[in-house]
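Enquirer: Just one file: work-v1.txt, with compact mmCIF, C-alpha atoms.
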```
# COMPACT_ATOMS: atom_id res chain seq x y z
CA MET O 124 151.26 179.06 25.28
CA THR O 125 152.48 175.52 25.84
CA PRO O 126 149.70 172.95 25.69
CA ARG O 127 148.62 171.75 29.09
CA PHE O 128 147.06 168.46 27.92
CA ALA O 129 148.21 165.48 25.90
CA ALA O 130 146.48 162.63 24.12
CA GLY O 131 144.91 160.27 26.65
CA ASP O 132 144.38 162.89 29.36
CA ASN O 133 141.03 162.90 31.14
CA VAL O 134 139.39 166.31 31.06
CA ARG O 135 136.10 167.96 31.82
CA VAL O 136 134.52 170.79 29.86
CA ARG O 137 133.88 173.72 32.16
CA ALA O 138 130.22 174.32 32.97
CA ARG O 139 130.61 178.02 32.37
CA GLU O 140 128.00 180.54 31.45
CA ILE O 141 128.88 182.80 28.56
CA ALA O 142 126.61 185.24 26.77
CA THR O 143 129.00 186.16 24.00
CA HIS O 144 130.29 184.15 21.04
CA CYS O 145 132.00 180.90 21.87
CA ARG O 146 132.64 177.56 20.23
CA THR O 147 132.00 175.23 23.15
CA PRO O 148 128.61 173.66 22.48
CA TYR O 149 125.96 173.73 25.15
CA TYR O 150 125.53 169.95 25.03
CA LEU O 151 129.13 169.39 26.16
CA ARG O 152 129.29 171.82 29.07
CA GLY O 153 130.30 170.00 32.22
CA LYS O 154 130.97 166.70 30.42
CA ARG O 155 134.00 164.50 30.91
CA GLY O 156 136.05 163.31 27.98
CA VAL O 157 139.47 162.17 26.83
CA ILE O 158 141.95 164.13 24.74
CA VAL O 159 142.31 162.50 21.31
CA ARG O 160 144.88 164.91 19.94
CA GLY O 161 146.16 168.45 20.15
CA HIS O 162 145.56 170.59 17.09
CA GLY O 163 148.08 173.29 17.94
CA THR O 164 147.24 176.84 18.99
CA PHE O 165 144.82 179.31 17.46
CA PRO O 166 143.62 182.83 18.16
CA ASN O 167 140.71 182.81 20.57
CA PRO O 168 137.49 182.96 18.50
CA GLU O 169 135.66 184.53 21.43
CA GLU O 170 137.79 187.61 20.87
CA LEU O 171 138.14 187.41 17.08
CA ALA O 172 134.37 187.67 16.90
CA TYR O 173 134.60 191.19 18.30
CA HIS O 174 137.48 192.35 16.14
CA GLN O 175 140.08 191.69 18.83
CA LEU O 176 143.30 189.87 18.08
CA GLY O 177 142.56 186.80 20.17
CA VAL O 178 146.00 186.66 21.71
CA PRO O 179 147.60 184.80 23.30
CA HIS O 180 146.76 181.92 21.01
CA GLN O 181 144.96 179.12 22.78
CA PRO O 182 145.72 175.39 22.44
CA LEU O 183 142.88 173.49 20.79
CA TYR O 184 142.13 169.80 21.36
CA GLN O 185 139.96 167.14 19.86
CA VAL O 186 138.15 165.61 22.84
CA ALA O 187 136.22 162.32 22.73
CA PHE O 188 133.09 161.88 24.83
CA ASP O 189 131.26 158.68 25.61
CA TYR O 190 127.62 158.76 24.49
CA ALA O 191 126.28 157.93 27.95
CA GLU O 192 128.30 160.73 29.51
CA VAL O 193 126.87 163.29 27.12
CA TRP O 194 123.25 162.19 26.92
CA GLY O 195 122.70 160.26 30.15
CA LYS O 196 121.53 157.09 28.43
CA ARG O 197 123.32 154.12 26.91
CA GLU O 198 123.99 153.76 23.20
CA ARG O 199 126.32 151.03 22.11
CA ASN O 200 129.56 151.92 20.42
CA THR O 201 128.93 155.61 19.93
CA VAL O 202 131.43 158.32 20.66
CA ILE O 203 131.14 162.05 20.04
CA THR O 204 134.17 164.26 19.53
CA ALA O 205 134.46 168.02 19.49
CA ASP O 206 137.27 170.53 19.26
CA ILE O 207 137.54 172.43 22.53
CA PHE O 208 139.88 175.24 23.52
CA GLN O 209 142.16 174.76 26.50
CA HIS O 210 140.60 177.52 28.58
CA TRP O 211 137.36 175.54 28.52
CA LEU O 212 138.97 172.36 29.87
CA GLU O 213 139.96 171.32 33.33
CA ALA O 214 141.98 168.27 34.36
CA VAL O 215 140.17 165.30 35.85
CA ASP O 216 142.00 162.63 37.84
CA MET X 231 122.38 178.15 31.41
CA THR X 232 121.75 180.28 28.35
CA ARG X 233 121.94 178.66 24.99
CA GLY X 234 122.45 180.46 21.71
CA VAL X 235 119.83 180.09 19.00
CA HIS X 236 122.48 178.44 16.83
CA ASP X 237 123.64 175.92 19.44
CA LEU X 238 121.61 173.01 18.16
CA GLY X 239 123.41 169.82 19.20
CA GLY X 240 120.97 167.33 20.67
CA LEU X 241 117.79 169.35 20.20
CA PRO X 242 114.77 167.44 18.86
CA ALA X 243 114.26 167.78 15.13
CA GLY X 244 112.53 166.05 12.27
CA PRO X 245 113.89 164.01 9.35
CA VAL X 246 116.76 165.40 7.32
CA ASP X 247 115.64 166.84 3.98
CA LEU X 248 117.95 165.09 1.54
CA GLY X 249 116.98 167.18 -1.47
CA GLU X 250 119.90 168.68 -3.35
CA HIS X 251 119.15 172.35 -3.74
CA ASP X 252 120.96 174.25 -6.47
CA ARG X 253 122.56 177.47 -5.37
CA THR X 254 120.96 180.60 -6.73
CA PHE X 255 122.83 183.60 -8.13
CA PHE X 256 121.91 185.34 -4.88
CA ASP X 257 123.60 182.55 -2.90
CA GLN X 258 126.71 182.71 -5.05
CA ARG X 259 127.08 186.47 -4.76
CA VAL X 260 126.49 186.56 -1.01
CA ASP X 261 128.96 183.73 -0.52
CA ALA X 262 131.56 185.45 -2.68
CA MET X 263 131.17 188.83 -1.01
CA MET X 264 131.44 187.29 2.42
CA ARG X 265 134.62 185.47 1.43
CA LEU X 266 136.12 188.67 0.11
CA LEU X 267 135.11 190.64 3.21
CA SER X 268 136.38 187.97 5.62
CA HIS X 269 139.56 187.15 3.71
CA PRO X 270 142.33 186.14 6.16
CA THR X 271 144.78 188.80 4.98
CA ASP X 272 142.80 191.26 2.85
CA GLY X 273 139.49 191.22 4.70
CA TYR X 274 137.67 193.60 7.02
CA PHE X 275 136.36 191.20 9.63
CA THR X 276 136.80 187.60 10.64
CA VAL X 277 134.68 184.55 9.96
CA ASP X 278 134.20 184.51 13.74
CA ALA X 279 132.61 187.97 13.59
CA MET X 280 130.34 186.72 10.83
CA ARG X 281 129.26 183.79 12.97
CA ARG X 282 128.68 186.07 15.93
CA ALA X 283 126.47 188.34 13.83
CA ILE X 284 124.45 185.35 12.59
CA GLU X 285 124.10 184.00 16.12
CA ALA X 286 122.69 187.36 17.20
CA LEU X 287 119.77 187.12 14.77
CA PRO X 288 116.34 186.86 16.34
CA ARG X 289 115.09 183.28 16.57
CA ASP X 290 112.42 183.82 13.88
CA ASP X 291 115.05 185.07 11.46
CA TYR X 292 117.53 182.34 12.31
CA PHE X 293 115.01 179.61 11.49
CA GLY X 294 112.89 181.48 8.96
CA LEU X 295 115.57 182.77 6.62
CA THR X 296 117.62 180.71 4.22
CA TYR X 297 121.26 180.10 4.94
CA TYR X 298 122.50 182.92 2.68
CA GLU X 299 119.74 185.26 3.75
CA ARG X 300 121.22 184.96 7.24
CA TRP X 301 124.65 185.71 5.81
CA VAL X 302 123.51 188.86 4.03
CA ARG X 303 121.99 190.17 7.24
CA ALA X 304 125.21 189.43 9.11
CA MET X 305 127.10 191.20 6.34
CA ARG X 306 124.93 194.26 6.85
CA THR X 307 125.71 194.33 10.58
CA LEU X 308 129.42 193.96 10.03
CA VAL X 309 130.01 196.39 7.17
CA VAL X 310 128.29 199.07 9.23
CA GLU X 311 130.16 198.03 12.37
CA ARG X 312 133.48 198.28 10.51
CA GLY X 313 132.59 201.63 9.01
CA LEU X 314 132.63 200.41 5.42
CA ILE X 315 129.14 201.76 4.86
CA GLY X 316 127.28 204.26 7.05
CA ALA X 317 123.99 203.07 8.49
CA ASP X 318 122.17 206.12 7.08
CA GLU X 319 123.81 205.68 3.73
CA LEU X 320 122.62 202.09 3.56
CA GLU X 321 119.09 203.11 4.47
CA ARG X 322 119.08 205.71 1.71
CA LYS X 323 120.35 203.17 -0.78
CA LEU X 324 117.72 200.62 0.20
CA ALA X 325 115.00 203.24 -0.10
CA ALA X 326 116.28 204.30 -3.51
CA LEU X 327 116.36 200.73 -4.78
CA ALA X 328 112.91 200.02 -3.38
CA ALA X 329 111.55 203.13 -5.07
CA ARG X 330 112.83 201.81 -8.39
CA GLY X 331 110.94 198.59 -7.70
CA GLY X 332 114.15 196.80 -6.80
CA ARG X 333 114.61 195.86 -10.43
CA PRO X 334 117.76 196.52 -12.46
CA MET D 43 126.51 159.83 -7.79
CA ALA D 44 123.11 160.86 -9.15
CA ARG D 45 122.15 162.68 -5.96
CA GLU D 46 125.06 165.03 -6.26
CA HIS D 47 123.97 166.29 -9.67
CA ALA D 48 120.31 166.88 -9.00
CA HIS D 49 118.55 168.59 -11.84
CA SER D 50 116.31 171.60 -11.62
CA ARG D 51 112.78 170.66 -10.86
CA ASP D 52 111.42 172.13 -14.09
CA ASP D 53 113.86 172.50 -16.91
CA HIS D 54 115.66 169.41 -18.14
CA ASP D 55 117.35 171.30 -20.94
CA ARG D 56 119.01 173.71 -18.58
CA ASP D 57 122.63 173.15 -17.63
CA PRO D 58 122.22 171.23 -14.37
CA HIS D 59 125.12 173.03 -12.76
CA ALA D 60 123.98 176.59 -13.48
CA PRO D 61 122.37 178.48 -10.63
CA VAL D 62 118.62 178.73 -10.71
CA ASP D 63 116.71 181.95 -11.31
CA GLU D 64 117.78 184.31 -8.57
CA SER D 65 114.24 185.26 -7.66
CA HIS D 66 113.48 181.68 -6.59
CA GLY D 67 112.82 181.56 -2.90
CA VAL D 68 114.66 184.77 -2.04
CA ARG D 69 112.62 187.29 -0.11
CA ALA D 70 112.37 190.72 -1.68
CA ASP D 71 114.02 192.40 1.30
CA SER D 72 116.97 189.97 1.15
CA ALA D 73 117.46 190.56 -2.57
CA LEU D 74 117.30 194.30 -2.05
CA LEU D 75 119.81 194.16 0.78
CA GLU D 76 122.24 192.06 -1.26
CA ARG D 77 122.05 194.48 -4.14
CA ALA D 78 122.41 197.57 -1.94
CA LEU D 79 125.45 196.16 -0.17
CA ARG D 80 127.07 194.98 -3.37
CA GLU D 81 126.58 198.28 -5.21
CA LEU D 82 127.77 200.40 -2.31
CA LEU D 83 130.81 198.22 -1.62
CA ILE D 84 131.80 198.31 -5.29
CA GLU D 85 131.23 202.08 -5.39
CA LYS D 86 133.56 202.45 -2.42
CA ASN D 87 136.20 200.21 -4.00
CA VAL D 88 136.02 197.67 -1.21
CA PHE D 89 135.97 195.13 -4.04
CA ALA D 90 135.19 195.06 -7.73
CA ALA D 91 132.53 193.15 -9.60
CA ALA D 92 135.35 191.14 -11.17
CA ASP D 93 136.53 190.11 -7.71
CA ILE D 94 133.09 188.71 -6.95
CA GLN D 95 133.09 186.79 -10.20
CA ARG D 96 136.56 185.43 -9.62
CA GLN D 97 135.60 184.29 -6.12
CA ILE D 98 132.49 182.56 -7.45
CA GLU D 99 134.60 180.72 -10.00
CA LEU D 100 137.14 179.72 -7.38
CA THR D 101 134.42 178.40 -5.09
CA GLU D 102 132.75 176.49 -7.91
CA SER D 103 136.07 174.95 -8.93
CA ARG D 104 136.29 173.03 -5.68
CA THR D 105 134.19 169.91 -6.04
CA PRO D 106 134.07 166.55 -4.23
CA GLU D 107 136.04 165.13 -7.14
CA LEU D 108 139.13 166.60 -5.52
CA GLY D 109 138.57 164.66 -2.33
CA ALA D 110 137.64 161.54 -4.27
CA ARG D 111 140.94 161.59 -6.14
CA VAL D 112 142.82 161.98 -2.88
CA VAL D 113 140.99 159.04 -1.33
CA ALA D 114 141.56 156.86 -4.37
CA HIS D 115 145.25 157.68 -4.34
CA ALA D 116 145.46 156.87 -0.64
CA TRP D 117 143.76 153.54 -1.23
CA ALA D 118 146.13 152.71 -4.08
CA ASP D 119 149.32 153.90 -2.36
CA PRO D 120 149.85 152.96 1.31
CA GLY D 121 152.78 155.34 1.65
CA TYR D 122 150.62 158.23 0.48
CA LYS D 123 147.87 157.19 2.86
CA THR D 124 150.27 157.39 5.78
CA TRP D 125 151.40 160.84 4.69
CA LEU D 126 147.80 161.98 4.13
CA ILE D 127 146.83 161.08 7.67
CA LYS D 128 149.99 162.54 9.17
CA GLU D 129 150.14 165.80 7.16
CA PRO D 130 146.84 166.17 5.31
CA LYS D 131 147.32 169.63 3.80
CA ALA D 132 150.84 168.95 2.58
CA ALA D 133 149.87 165.60 1.09
CA ILE D 134 146.81 167.04 -0.64
CA GLU D 135 148.65 170.09 -1.96
CA SER D 136 151.33 167.84 -3.34
CA PHE D 137 148.98 165.40 -5.04
CA LEU D 138 146.38 167.82 -6.39
CA GLY D 139 148.68 170.73 -7.08
CA ILE D 140 146.40 173.19 -5.27
CA ASP D 141 147.30 175.82 -2.70
CA LEU D 142 145.74 175.26 0.72
CA ASN D 143 147.80 177.95 2.42
CA LEU D 144 144.95 180.16 3.61
CA THR D 145 142.50 177.34 4.33
CA PRO D 146 141.73 176.03 7.82
CA GLU D 147 143.62 173.13 9.32
CA LEU D 148 142.45 169.82 7.94
CA VAL D 149 142.34 166.43 9.62
CA VAL D 150 141.68 163.24 7.70
CA VAL D 151 139.97 160.59 9.83
CA GLU D 152 140.29 157.03 8.65
CA ASN D 153 137.41 154.58 8.73
CA THR D 154 138.26 150.96 9.52
CA PRO D 155 136.15 147.79 9.65
CA LYS D 156 135.42 148.63 13.30
CA LEU D 157 135.34 152.42 13.26
CA HIS D 158 133.10 154.73 11.21
CA HIS D 159 133.35 158.50 11.39
CA VAL D 160 130.61 160.95 10.51
CA ILE D 161 131.29 164.68 10.34
CA CYS D 162 128.94 167.47 11.37
CA CYS D 163 128.98 171.04 12.65
CA THR D 164 126.30 171.56 15.28
CA LEU D 165 127.08 175.27 15.67
CA CYS D 166 127.06 176.37 12.03
CA SER D 167 128.30 174.70 8.81
CA CYS D 168 132.03 174.10 9.11
CA TYR D 169 132.99 171.75 6.30
CA PRO D 170 136.19 170.84 4.43
CA ARG D 171 135.37 173.13 1.51
CA ALA D 172 138.92 173.16 0.20
CA VAL D 173 138.65 169.53 -0.88
CA LEU D 174 134.91 168.88 -1.00
CA GLY D 175 133.52 172.19 -2.25
CA ILE D 176 130.28 173.66 -1.01
CA PRO D 177 128.44 171.68 1.66
CA PRO D 178 125.10 170.16 0.69
CA ALA D 179 122.02 171.92 2.03
CA TRP D 180 121.21 169.03 4.36
CA TYR D 181 124.59 169.34 6.09
CA LYS D 182 123.67 172.90 7.04
CA SER D 183 120.11 172.03 8.07
CA PRO D 184 118.91 172.31 11.66
CA GLU D 185 117.84 168.64 11.50
CA TYR D 186 121.29 167.32 10.62
CA ARG D 187 123.02 169.66 13.02
CA SER D 188 120.74 168.79 15.93
CA ARG D 189 120.37 165.04 15.49
CA THR D 190 123.71 163.67 14.28
CA VAL D 191 125.35 164.03 17.68
CA ILE D 192 122.46 162.37 19.54
CA GLU D 193 121.12 159.75 17.11
CA PRO D 194 123.78 159.15 14.46
CA ARG D 195 122.56 155.69 13.49
CA ALA D 196 119.05 156.98 12.86
CA VAL D 197 120.42 159.86 10.77
CA LEU D 198 122.62 157.48 8.79
CA ALA D 199 119.62 155.21 8.23
CA GLU D 200 117.83 158.14 6.57
CA PHE D 201 120.68 158.15 4.08
CA GLY D 202 120.22 154.42 3.60
CA THR D 203 123.35 153.61 5.57
CA ARG D 204 123.27 150.88 8.18
CA LEU D 205 126.34 149.69 10.01
CA PRO D 206 126.70 146.60 12.20
CA ASP D 207 126.26 147.24 15.94
CA ASP D 208 129.86 146.26 16.63
CA VAL D 209 131.17 149.12 14.49
CA GLU D 210 131.93 152.19 16.59
CA ILE D 211 130.36 155.34 15.23
CA ARG D 212 132.40 158.39 16.00
CA VAL D 213 130.54 161.63 15.43
CA VAL D 214 133.02 164.43 14.81
CA ASP D 215 131.58 167.85 15.66
CA SER D 216 133.67 170.49 13.85
CA THR D 217 133.41 173.12 16.53
CA ALA D 218 136.53 175.18 15.91
CA ASP D 219 139.28 175.95 13.43
CA VAL D 220 139.83 172.41 12.21
CA ARG D 221 138.01 170.82 9.29
CA TYR D 222 137.56 167.07 8.96
CA MET D 223 137.32 164.75 5.99
CA VAL D 224 136.61 161.03 6.17
CA LEU D 225 138.93 158.57 4.47
CA PRO D 226 136.29 155.92 3.79
CA LEU D 227 136.95 152.22 4.10
CA ARG D 228 137.90 150.76 0.76
CA PRO D 229 135.15 148.33 -0.24
CA ARG D 230 135.99 144.68 -0.77
CA GLY D 231 136.18 143.54 -4.38
CA THR D 232 137.89 146.69 -5.60
CA GLU D 233 141.39 145.26 -5.68
CA ARG D 234 141.62 145.29 -9.46
CA MET D 235 140.19 148.76 -9.97
CA SER D 236 142.37 151.49 -11.37
CA GLU D 237 142.84 154.63 -9.33
CA ARG D 238 140.52 156.47 -11.68
CA GLU D 239 137.84 153.83 -11.24
CA LEU D 240 138.31 153.99 -7.49
CA ALA D 241 137.83 157.75 -7.53
CA GLY D 242 134.55 157.11 -9.33
CA ILE D 243 133.09 155.20 -6.37
CA VAL D 244 134.14 157.71 -3.71
CA THR D 245 131.08 159.87 -3.19
CA ARG D 246 130.90 163.20 -1.41
CA ASP D 247 128.64 161.59 1.17
CA SER D 248 131.19 158.87 1.94
CA MET D 249 133.77 161.57 2.69
CA ILE D 250 131.31 163.18 5.11
CA GLY D 251 130.50 159.78 6.57
CA VAL D 252 126.76 159.54 5.99
CA ALA D 253 127.36 156.89 3.33
CA VAL D 254 129.90 154.29 2.34
CA PRO D 255 131.55 154.08 -1.09
CA GLY D 256 129.92 151.89 -3.69
CA ALA D 257 131.08 148.38 -4.49
CA PRO D 258 132.42 147.84 -8.01
CA ARG D 259 129.96 147.87 -10.89
CA ARG D 260 127.19 149.20 -8.64
CA GLN D 261 126.06 152.82 -8.54
CA THR D 262 126.48 154.29 -5.06
CA LYS D 263 123.27 155.06 -3.26
CA VAL D 264 121.39 156.25 -6.32
CA SER D 265 118.05 155.31 -4.86
CA THR D 266 118.83 155.85 -1.23
CA THR D 267 115.70 157.78 -0.53
CA LYS D 268 113.58 155.31 -2.49
CA ASP D 269 115.11 152.45 -0.55
CA ALA D 270 114.21 154.16 2.68
CA GLY D 271 110.66 154.61 1.49
CA LEU D 272 110.98 158.37 1.45
CA PRO D 273 109.86 160.54 -1.45
CA THR D 274 112.66 161.43 -3.86
```
Go ahead and express the file in the form of structure tokens.
Expert:
Amino acid sequence: MTPRFAAGDNVRVRAREIATHCRTPYYLRGKRGVIVRGHGTFPNPEELAYHQLGVPHQPLYQVAFDYAEVWGKRERNTVITADIFQHWLEAVD
Amino acid sequence: MTRGVHDLGGLPAGPVDLGEHDRTFFDQRVDAMMRLLSHPTDGYFTVDAMRRAIEALPRDDYFGLTYYERWVRAMRTLVVERGLIGADELERKLAALAARGGRP
Amino acid sequence: MAREHAHSRDDHDRDPHAPVDESHGVRADSALLERALRELLIEKNVFAAADIQRQIELTESRTPELGARVVAHAWADPGYKTWLIKEPKAAIESFLGIDLNLTPELVVVENTPKLHHVICCTLCSCYPRAVLGIPPAWYKSPEYRSRTVIEPRAVLAEFGTRLPDDVEIRVVDSTADVRYMVLPLRPRGTERMSERELAGIVTRDSMIGVAVPGAPRRQTKVSTTKDAGLPT
């Protein structure tokens, strides 16, 4: 699967509900961030967790989030990054 | 929105305990067995499955057990799930060990 | 580096690196379960006792000293530093002569005078074990996992680490298949140190990002907890 995003792209983490294993932390759901880098593609952990093959491999990105965006209050010079799979990200203009 | 017991980012918590805790023999063996069982090429389940099994622990267990105690419970779930050990067989073994006082 | 070689609470004659008595703090049902699983899995030839031992030895062989040597080499050799940041696993394999083939992807994040990284894993305990060894207990604690992403400066202060307000703190949550290691900022005044001496001031905690490396001729954060007024 060719990566959809590149460094510098504005994205938003989908505000999805999921009851099964996933690696998108609750605190980042629905938050806007910027792609720092692409890490390449990996099998989907949501499927690997249940003994499935996790194919097709999903692109994974390091995404940077401004503190205020994540927590709703200001904190100088603080950024949080997390590694998020492509299927959890949507483009933001 | 539901939130897994393990999904801790941003939750209130107290000071970090900075004490360096030596690993016990128990810790070392559990760690080693898990690595063998979840080996990328020679294993029986993935690290992701291990995480999923830990995340499924009841809240009291997740916060009440030590790190490797959680792992050994996840290992139990997964070896049975993968058919490496039968559930009944494991129960019989546990009963037999308990009857011997659990001592070597 | 005193914190990283904490001695057993009781026995000062005991080898400080040997595991403590296995009955310490392990519930009876956990110990029983471990033994039952181990004996059955060995009986069924899933693995052998020797495999367990070999794995323990392999795990124990990875210590923060590996990472410290890599950092020192990167500080001493700008060309290596560039390679380390661009292709971390290849550069580390080449320098240390270890095989990282089956280990997760690794990213080395560089601290600068204006940018300080701190690594965490809010969801579990993902950690660059291949170059730093086993994570410290605090890294895996609910407190560290919960608070680092929301109050990193307060968490760092508990480690005795205070950074100027104009330094950006970048909290790196290792949420997926990539592991992160910090390339700490080389302290001023270390220009004449040999690579070996440099490796001696690169602590595990500085490669996680909760501390900075020590200045020359000063022990790194030996009394951090005392300085913070907390019990040791």
Enquirer: Kindly provide, as a PyMOL selection string, the residues of chain X having any atom no farther than 9 Å from an atom of chain D, counting only C-alpha atoms.
Expert: chain X and resi 236-263+265-267+269-271+281+293+295-297+299-300+302-303+305-306+309+314-315+319-320+323-324+327-328+332-333
Enquirer: Once you count all atoms listed in the file, what closest atom pair and distance in Å to one decimal does each residue of chain O within 7 Å of chain D have, with rows by chain and rising residue number, as a Markdown table?
Expert:
```
| residue | atom | partner | partner_atom | distance |
| --- | --- | --- | --- | --- |
| O:Arg146 | CA | D:Thr217 | CA | 5.8 |
| O:Asn200 | CA | D:Glu210 | CA | 4.5 |
| O:Thr201 | CA | D:Ile211 | CA | 4.9 |
| O:Val202 | CA | D:Arg212 | CA | 4.8 |
| O:Ile203 | CA | D:Val213 | CA | 4.7 |
| O:Thr204 | CA | D:Val214 | CA | 4.9 |
| O:Ala205 | CA | D:Asp215 | CA | 4.8 |
| O:Asp206 | CA | D:Thr217 | CA | 5.4 |
```
Enquirer: Per residue of chain O within 12 Å of chain X, note the shortest atom pair and the distance in Å to one decimal, counting all atoms listed in the file, and order the rows by chain and increasing residue number, as JSON lines.
Expert:
```
{"residue": "O:Ala138", "atom": "CA", "partner": "X:Met231", "partner_atom": "CA", "distance": 8.9}
{"residue": "O:Arg139", "atom": "CA", "partner": "X:Met231", "partner_atom": "CA", "distance": 8.3}
{"residue": "O:Glu140", "atom": "CA", "partner": "X:Met231", "partner_atom": "CA", "distance": 6.1}
{"residue": "O:Ile141", "atom": "CA", "partner": "X:Thr232", "partner_atom": "CA", "distance": 7.6}
{"residue": "O:Ala142", "atom": "CA", "partner": "X:Thr232", "partner_atom": "CA", "distance": 7.1}
{"residue": "O:Thr143", "atom": "CA", "partner": "X:Arg282", "partner_atom": "CA", "distance": 8.1}
{"residue": "O:His144", "atom": "CA", "partner": "X:Arg282", "partner_atom": "CA", "distance": 5.7}
{"residue": "O:Cys145", "atom": "CA", "partner": "X:Arg282", "partner_atom": "CA", "distance": 8.5}
{"residue": "O:Arg146", "atom": "CA", "partner": "X:Asp237", "partner_atom": "CA", "distance": 9.2}
{"residue": "O:Thr147", "atom": "CA", "partner": "X:Asp237", "partner_atom": "CA", "distance": 9.2}
{"residue": "O:Pro148", "atom": "CA", "partner": "X:Asp237", "partner_atom": "CA", "distance": 6.2}
{"residue": "O:Tyr149", "atom": "CA", "partner": "X:Arg233", "partner_atom": "CA", "distance": 6.4}
{"residue": "O:Tyr150", "atom": "CA", "partner": "X:Gly239", "partner_atom": "CA", "distance": 6.2}
{"residue": "O:Leu151", "atom": "CA", "partner": "X:Gly239", "partner_atom": "CA", "distance": 9.0}
{"residue": "O:Arg152", "atom": "CA", "partner": "X:Met231", "partner_atom": "CA", "distance": 9.7}
{"residue": "O:Gly153", "atom": "CA", "partner": "X:Met231", "partner_atom": "CA", "distance": 11.4}
{"residue": "O:Pro166", "atom": "CA", "partner": "X:Asp278", "partner_atom": "CA", "distance": 10.5}
{"residue": "O:Asn167", "atom": "CA", "partner": "X:Asp278", "partner_atom": "CA", "distance": 9.6}
{"residue": "O:Pro168", "atom": "CA", "partner": "X:Asp278", "partner_atom": "CA", "distance": 6.0}
{"residue": "O:Glu169", "atom": "CA", "partner": "X:Asp278", "partner_atom": "CA", "distance": 7.8}
{"residue": "O:Glu170", "atom": "CA", "partner": "X:Asp278", "partner_atom": "CA", "distance": 8.6}
{"residue": "O:Leu171", "atom": "CA", "partner": "X:Asp278", "partner_atom": "CA", "distance": 5.9}
{"residue": "O:Ala172", "atom": "CA", "partner": "X:Ala279", "partner_atom": "CA", "distance": 3.8}
{"residue": "O:Tyr173", "atom": "CA", "partner": "X:Ala279", "partner_atom": "CA", "distance": 6.0}
{"residue": "O:His174", "atom": "CA", "partner": "X:Phe275", "partner_atom": "CA", "distance": 6.7}
{"residue": "O:Gln175", "atom": "CA", "partner": "X:Thr276", "partner_atom": "CA", "distance": 9.7}
{"residue": "O:Leu176", "atom": "CA", "partner": "X:Thr276", "partner_atom": "CA", "distance": 10.1}
{"residue": "O:Gly177", "atom": "CA", "partner": "X:Asp278", "partner_atom": "CA", "distance": 10.8}
{"residue": "O:Tyr190", "atom": "CA", "partner": "X:Gly240", "partner_atom": "CA", "distance": 11.5}
{"residue": "O:Val193", "atom": "CA", "partner": "X:Gly240", "partner_atom": "CA", "distance": 9.6}
{"residue": "O:Trp194", "atom": "CA", "partner": "X:Gly240", "partner_atom": "CA", "distance": 8.4}
{"residue": "O:Gly195", "atom": "CA", "partner": "X:Gly240", "partner_atom": "CA", "distance": 12.0}
{"residue": "O:Ile203", "atom": "CA", "partner": "X:Gly239", "partner_atom": "CA", "distance": 11.0}
{"residue": "O:Ala205", "atom": "CA", "partner": "X:Gly239", "partner_atom": "CA", "distance": 11.2}
```
Enquirer: Could you tell me which of D:Gly231, D:Pro120, D:Pro130, D:Pro206 comes closest to D:Val151 if we count all atoms listed in the file?
Expert: D:Pro130
Enquirer: If you measure from atom CA of D:Tyr122 to atom CA of D:Val244, what distance in Å do you get, rounded to one decimal?
Expert: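 That distance, rounded to one decimal, is 17.0 Å.
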Enquirer: How far is it from atom CA of D:Ala172 to atom CA of D:Met249, in Å with one decimal?
Expert: 12.9 Å
